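For reference, the structure is listed below as structure tokens.
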Amino acid sequence: MSFRDQVYVIGGGAAGMLAALFAAREGAKVTLLERNEKLGKKIYITGKGRCNVTNACDTEEFLRNVPRNPRFLYSALRLLSPDDMLALLAELGCETKIERGRRAFPVSDKASDVTRALEKGMRQAGVEIRLNCRVQKILTEDHRVTGIQLENGQMLPAGAVIVCTGGLSYPSTGSTGDGIRMGEETGHSIIPPRASLAGLLTKEKWPTQLQGLTLKNVCLNAHSCGKIIYSEQGEMLFTHFGISGPLAIELSSHLPEDQPTEVHLDLKPGLTMEQMEQRLMRDFAAAGKKQLSTIMQGLLPQRFAALFPGLCQMDEKMPCNQVSAKQRQHLARMLKFLPLSIAGVRPITEAIVTRGGVDVKALNPATMQSRIVQGLYFAGETIDVDAHTGGYNLQIAFATGALAGKSAARQMNC
């Protein structure tokens, strides 16, 4: 084999391992280069150490959970669907189970079993794995890949290079933006990396007084430029910086970059505005001289009930029989439309995934190959595609990696 038959995969995470595996199974000579001392370092922390490997839904449902560039993923998911991924893991000795929300996990609840299975598959396919090996630069000539340069200066010629280095989230796992930098150096447009799936900072300070309190079955709504950009019911957590929990984290992936967003919280989504007013009227009529904060405990957790009247410019110690009809209506409206002003998103280093990266317009979605540099491929979190929580982001990494690997091998066999 000549060097033109050599495929180098940069990064040994979810995308990189699948790229290496699929390229090797197509007959290519594959070397995977990982900067860390072990493979799949980020996989180990996904799903709180259990590894939510994918979401067992159909393609259309899957794409509804991808806020950015969902159509770009059709070919990747056609090659490796969630069911295909689960079958591959089973083939490699890692059985899985489906839990609430169609989330798939290894039966053992150990993320290490996923990495171990994929490493087994790569070695069986003949992939050479080099750890503690960081790539510094991609070498090109006349808009074609010629090789890579390692951090120690060594030059390695190649026929194809697949970049799977992740984004900028969880830098302790090695995701420090190397692939995004390499993309820019090779002439690709970069969508500025931002945090996605992260907690939200609020301008209001009162959420910090409720730090640690989780609200269940509430609805978080967001509008921008007169359009609803997010409206979901579920759990939300108050923190020392604002809000977090499933709803806030998911909302972070929908926030527009340069346009104001109005957010409000529906604390009682099961009641209409009219029903909310009627409920308060009944409660107050039966309460007599009981304090407002006491009666609010029938609607809100104790800590929140004590704080809520103040948010409505009312005295928490006010006797219920002194609350006017106008004040009662205001309380009802605030229970249904409690405003929150989003000041920003937590740092990208705390985000679950990176939003942004290599612009997908410069990539062929049928192969993951660059439209600018022949023989250069990008996959996983390095590219500008991200999704909600629930196994979607790992599946995107697996599928785009698999497509890049198979495409690179076939390109060299032509």
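Within each chain, counting starts at residue 1; across the structure tokens, chains are named A, B, ... in the order shown, with ligands numbered 1 upward in that order.
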Quiz item: Excluding same-chain residues fewer than 6 positions from Pro339 of chain A, what lies within 9 Å of it counting only C-alpha atoms, as a ChimeraX atom specification?
Solution: /A:262-265
Can I get the selected residues back with all heavy atoms, as a PDB file, in the first residue's frame?
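Contents of part_10.pdb, as written:
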```pdb
ATOM      1  N   GLU A 262     -37.736  37.022  24.662  1.00  0.00           N
ATOM      2  CA  GLU A 262     -38.622  37.171  25.813  1.00  0.00           C
ATOM      3  C   GLU A 262     -38.980  35.777  26.340  1.00  0.00           C
ATOM      4  O   GLU A 262     -39.407  34.919  25.578  1.00  0.00           O
ATOM      5  CB  GLU A 262     -39.901  37.911  25.408  1.00  0.00           C
ATOM      6  CG  GLU A 262     -39.661  39.317  24.892  1.00  0.00           C
ATOM      7  CD  GLU A 262     -40.937  39.973  24.406  1.00  0.00           C
ATOM      8  OE1 GLU A 262     -42.018  39.416  24.662  1.00  0.00           O
ATOM      9  OE2 GLU A 262     -40.849  41.038  23.769  1.00  0.00           O
ATOM     10  N   VAL A 263     -38.783  35.600  27.634  1.00  0.00           N
ATOM     11  CA  VAL A 263     -39.035  34.292  28.241  1.00  0.00           C
ATOM     12  C   VAL A 263     -40.031  34.451  29.380  1.00  0.00           C
ATOM     13  O   VAL A 263     -39.950  35.417  30.152  1.00  0.00           O
ATOM     14  CB  VAL A 263     -37.719  33.678  28.780  1.00  0.00           C
ATOM     15  CG1 VAL A 263     -37.990  32.374  29.510  1.00  0.00           C
ATOM     16  CG2 VAL A 263     -36.733  33.456  27.635  1.00  0.00           C
ATOM     17  N   HIS A 264     -40.983  33.545  29.454  1.00  0.00           N
ATOM     18  CA  HIS A 264     -41.860  33.531  30.619  1.00  0.00           C
ATOM     19  C   HIS A 264     -42.142  32.097  31.041  1.00  0.00           C
ATOM     20  O   HIS A 264     -42.079  31.163  30.239  1.00  0.00           O
ATOM     21  CB  HIS A 264     -43.162  34.319  30.369  1.00  0.00           C
ATOM     22  CG  HIS A 264     -44.104  33.657  29.417  1.00  0.00           C
ATOM     23  ND1 HIS A 264     -44.182  33.992  28.090  1.00  0.00           N
ATOM     24  CD2 HIS A 264     -45.043  32.696  29.617  1.00  0.00           C
ATOM     25  CE1 HIS A 264     -45.108  33.275  27.497  1.00  0.00           C
ATOM     26  NE2 HIS A 264     -45.640  32.469  28.388  1.00  0.00           N
ATOM     27  N   LEU A 265     -42.458  31.971  32.311  1.00  0.00           N
ATOM     28  CA  LEU A 265     -42.658  30.670  32.935  1.00  0.00           C
ATOM     29  C   LEU A 265     -44.119  30.504  33.311  1.00  0.00           C
ATOM     30  O   LEU A 265     -44.707  31.366  33.965  1.00  0.00           O
ATOM     31  CB  LEU A 265     -41.773  30.589  34.188  1.00  0.00           C
ATOM     32  CG  LEU A 265     -41.681  29.264  34.939  1.00  0.00           C
ATOM     33  CD1 LEU A 265     -41.113  28.164  34.043  1.00  0.00           C
ATOM     34  CD2 LEU A 265     -40.782  29.439  36.170  1.00  0.00           C
TER      35      LEU A 265
END
```
Exercise. Considering only C-alpha atoms, return as a list in words whatever protein or nucleic-acid residues lie within 8 Å of segment 279-296 of chain A, sequence-local ones (same chain, fewer than 4 positions apart) excluded.
Key: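 What passes the distance filter is Gln275, Leu300, Ala305, Ala306, Leu307, Phe308, Pro309, Asp315, Glu316, Lys317, Met318, Pro319, Cys320, Asn321, Arg328 and Ala332 of chain A.
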Store the residues picked out above, limited to N, CA and C atoms, as an mmCIF file, in the first residue's frame.
```cif
data_model
loop_
_atom_site.group_PDB
_atom_site.id
_atom_site.type_symbol
_atom_site.label_atom_id
_atom_site.label_comp_id
_atom_site.auth_asym_id
_atom_site.auth_seq_id
_atom_site.Cartn_x
_atom_site.Cartn_y
_atom_site.Cartn_z
ATOM 1 N N GLN A 275 -59.345 29.456 34.735
ATOM 2 C CA GLN A 275 -59.356 28.460 35.811
ATOM 3 C C GLN A 275 -58.416 28.867 36.945
ATOM 4 N N LEU A 300 -47.491 26.487 45.195
ATOM 5 C CA LEU A 300 -46.054 26.522 44.951
ATOM 6 C C LEU A 300 -45.296 25.884 46.107
ATOM 7 N N ALA A 305 -43.350 29.973 47.546
ATOM 8 C CA ALA A 305 -44.597 30.608 47.997
ATOM 9 C C ALA A 305 -44.315 31.845 48.848
ATOM 10 N N ALA A 306 -43.231 31.791 49.630
ATOM 11 C CA ALA A 306 -42.876 32.936 50.467
ATOM 12 C C ALA A 306 -42.338 34.094 49.632
ATOM 13 N N LEU A 307 -41.693 33.763 48.515
ATOM 14 C CA LEU A 307 -41.073 34.778 47.663
ATOM 15 C C LEU A 307 -42.048 35.364 46.643
ATOM 16 N N PHE A 308 -43.001 34.550 46.217
ATOM 17 C CA PHE A 308 -43.847 34.915 45.077
ATOM 18 C C PHE A 308 -44.648 36.218 45.264
ATOM 19 N N PRO A 309 -45.266 36.470 46.424
ATOM 20 C CA PRO A 309 -46.015 37.726 46.568
ATOM 21 C C PRO A 309 -45.158 38.957 46.289
ATOM 22 N N ASP A 315 -47.406 42.227 49.689
ATOM 23 C CA ASP A 315 -46.843 41.823 50.977
ATOM 24 C C ASP A 315 -47.198 40.371 51.252
ATOM 25 N N GLU A 316 -46.186 39.555 51.494
ATOM 26 C CA GLU A 316 -46.428 38.131 51.734
ATOM 27 C C GLU A 316 -47.289 37.901 52.983
ATOM 28 N N LYS A 317 -47.298 38.885 53.926
ATOM 29 C CA LYS A 317 -48.075 38.728 55.162
ATOM 30 C C LYS A 317 -49.488 39.292 55.049
ATOM 31 N N MET A 318 -49.846 39.796 53.876
ATOM 32 C CA MET A 318 -51.186 40.358 53.687
ATOM 33 C C MET A 318 -52.260 39.294 53.932
ATOM 34 N N PRO A 319 -53.276 39.596 54.743
ATOM 35 C CA PRO A 319 -54.378 38.652 54.937
ATOM 36 C C PRO A 319 -55.117 38.453 53.617
ATOM 37 N N CYS A 320 -55.497 37.234 53.360
ATOM 38 C CA CYS A 320 -56.130 36.925 52.078
ATOM 39 C C CYS A 320 -57.447 37.675 51.881
ATOM 40 N N ASN A 321 -58.143 37.969 52.993
ATOM 41 C CA ASN A 321 -59.430 38.659 52.843
ATOM 42 C C ASN A 321 -59.260 40.144 52.513
ATOM 43 N N ARG A 328 -55.765 39.942 42.878
ATOM 44 C CA ARG A 328 -55.937 38.501 42.646
ATOM 45 C C ARG A 328 -55.705 38.168 41.173
ATOM 46 N N ALA A 332 -52.820 35.721 39.479
ATOM 47 C CA ALA A 332 -53.132 34.657 38.516
ATOM 48 C C ALA A 332 -52.282 34.812 37.258
#
```
Quiz prompt | Contacts of Leu79 of chain A at 8 Å (only C-alpha atoms; same-chain gap of 2+ positions) as a ChimeraX atom specification | solution = /A:75-77,81,399,402-403
Could those residues be written to a file, using C-alpha atoms, as a PDB file, in the first residue's frame?
```pdb
ATOM      1  CA  SER A  75     -27.389  10.621   4.577  1.00  0.00           C
ATOM      2  CA  ALA A  76     -25.527   9.983   7.821  1.00  0.00           C
ATOM      3  CA  LEU A  77     -28.644   8.661   9.550  1.00  0.00           C
ATOM      4  CA  SER A  81     -29.652   4.929  12.201  1.00  0.00           C
ATOM      5  CA  ALA A 399     -23.441   8.570  12.248  1.00  0.00           C
ATOM      6  CA  ALA A 402     -19.360   6.378  10.139  1.00  0.00           C
ATOM      7  CA  LEU A 403     -20.279   8.186   6.911  1.00  0.00           C
TER       8      LEU A 403
END
```
Distance query segment 176-187 of chain A at most 7 Å, only C-alpha atoms, self and fewer than 4 positions along chain excluded, as a compact mmCIF listing (two decimals) with C-alpha atoms, in the first residue's frame:
```
# COMPACT_ATOMS: atom_id res chain seq x y z
CA LYS A 137 -1.69 20.72 11.33
CA ILE A 138 -3.34 19.31 8.22
CA VAL A 163 -11.20 15.38 11.65
CA CYS A 164 -13.20 14.26 14.70
CA THR A 165 -11.72 16.32 17.51
CA GLY A 166 -14.97 17.57 19.08
CA GLY A 167 -15.87 21.13 19.96
CA LEU A 168 -14.99 23.29 22.96
CA PRO A 171 -11.99 20.84 27.57
CA GLY A 357 -17.88 24.97 14.28
CA VAL A 358 -17.10 24.12 10.66
CA THR A 382 -16.46 19.80 15.11
```
Counting only C-alpha atoms, which residues in segment 167-246 of chain A sit no more than 10 Å from segment 31-54 of chain A? For each one, give the nearest pair of atoms and the distance in Å, sorted by chain then residue number, as JSON lines.
```
{"residue": "A:Ser169", "atom": "CA", "partner": "A:Lys42", "partner_atom": "CA", "distance": 9.6}
{"residue": "A:Tyr170", "atom": "CA", "partner": "A:Lys42", "partner_atom": "CA", "distance": 7.7}
{"residue": "A:Pro171", "atom": "CA", "partner": "A:Lys42", "partner_atom": "CA", "distance": 9.4}
{"residue": "A:Ser172", "atom": "CA", "partner": "A:Lys42", "partner_atom": "CA", "distance": 8.8}
{"residue": "A:Thr173", "atom": "CA", "partner": "A:Lys41", "partner_atom": "CA", "distance": 5.5}
{"residue": "A:Gly174", "atom": "CA", "partner": "A:Asn36", "partner_atom": "CA", "distance": 6.7}
{"residue": "A:Ser175", "atom": "CA", "partner": "A:Lys42", "partner_atom": "CA", "distance": 8.5}
```
Expected file: the selected residues, N, CA, C and O atoms, as a tab-separated table (two decimals), in the first residue's frame:
```tsv
chain	number	residue	atom	x	y	z
A	169	SER	N	-16.62	22.17	24.37
A	169	SER	CA	-17.21	21.83	25.67
A	169	SER	C	-16.39	20.73	26.34
A	169	SER	O	-15.79	19.90	25.67
A	170	TYR	N	-16.37	20.77	27.66
A	170	TYR	CA	-15.58	19.82	28.46
A	170	TYR	C	-14.13	19.74	27.98
A	170	TYR	O	-13.66	18.68	27.54
A	171	PRO	N	-13.38	20.84	28.05
A	171	PRO	CA	-11.99	20.84	27.57
A	171	PRO	C	-11.09	19.85	28.30
A	171	PRO	O	-10.07	19.43	27.76
A	172	SER	N	-11.49	19.43	29.51
A	172	SER	CA	-10.69	18.46	30.25
A	172	SER	C	-10.63	17.11	29.54
A	172	SER	O	-9.77	16.28	29.82
A	173	THR	N	-11.57	16.88	28.61
A	173	THR	CA	-11.57	15.63	27.86
A	173	THR	C	-10.74	15.73	26.58
A	173	THR	O	-10.66	14.78	25.81
A	174	GLY	N	-10.14	16.90	26.35
A	174	GLY	CA	-9.33	17.09	25.16
A	174	GLY	C	-10.01	17.89	24.07
A	174	GLY	O	-9.42	18.14	23.02
A	175	SER	N	-11.27	18.28	24.32
A	175	SER	CA	-12.01	19.07	23.32
A	175	SER	C	-11.65	20.55	23.49
A	175	SER	O	-12.33	21.28	24.22
```
Quiz prompt | Nearest-residue call for Leu267 of chain A, choices A:Arg25, A:Arg303, A:Arg333, A:His254, using only C-alpha atoms | solution =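 Between A:Arg25, A:Arg303, A:Arg333, A:His254, the residue approaching Leu267 of chain A most closely is A:Arg333.
Of note, atom CA of Ala248 of chain A and atom CA of Arg71 of chain A are spaced 25.0 Å apart.
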Exercise. Extract the full set of alpha helix (DSSP H) residues from segment 85-247 of chain A according to DSSP on the backbone, and format it as an MDAnalysis selection string.
Key: chainID A and resid 85:91 111:125 178:185 206:209 245:247
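Residues in contact with Tyr392 of chain A at 8 Å, where only C-alpha atoms are counted and same-chain residues fewer than 6 positions away are skipped, are listed as Thr54, Asn55, Phe62, Asn65 and Val66 of chain A.
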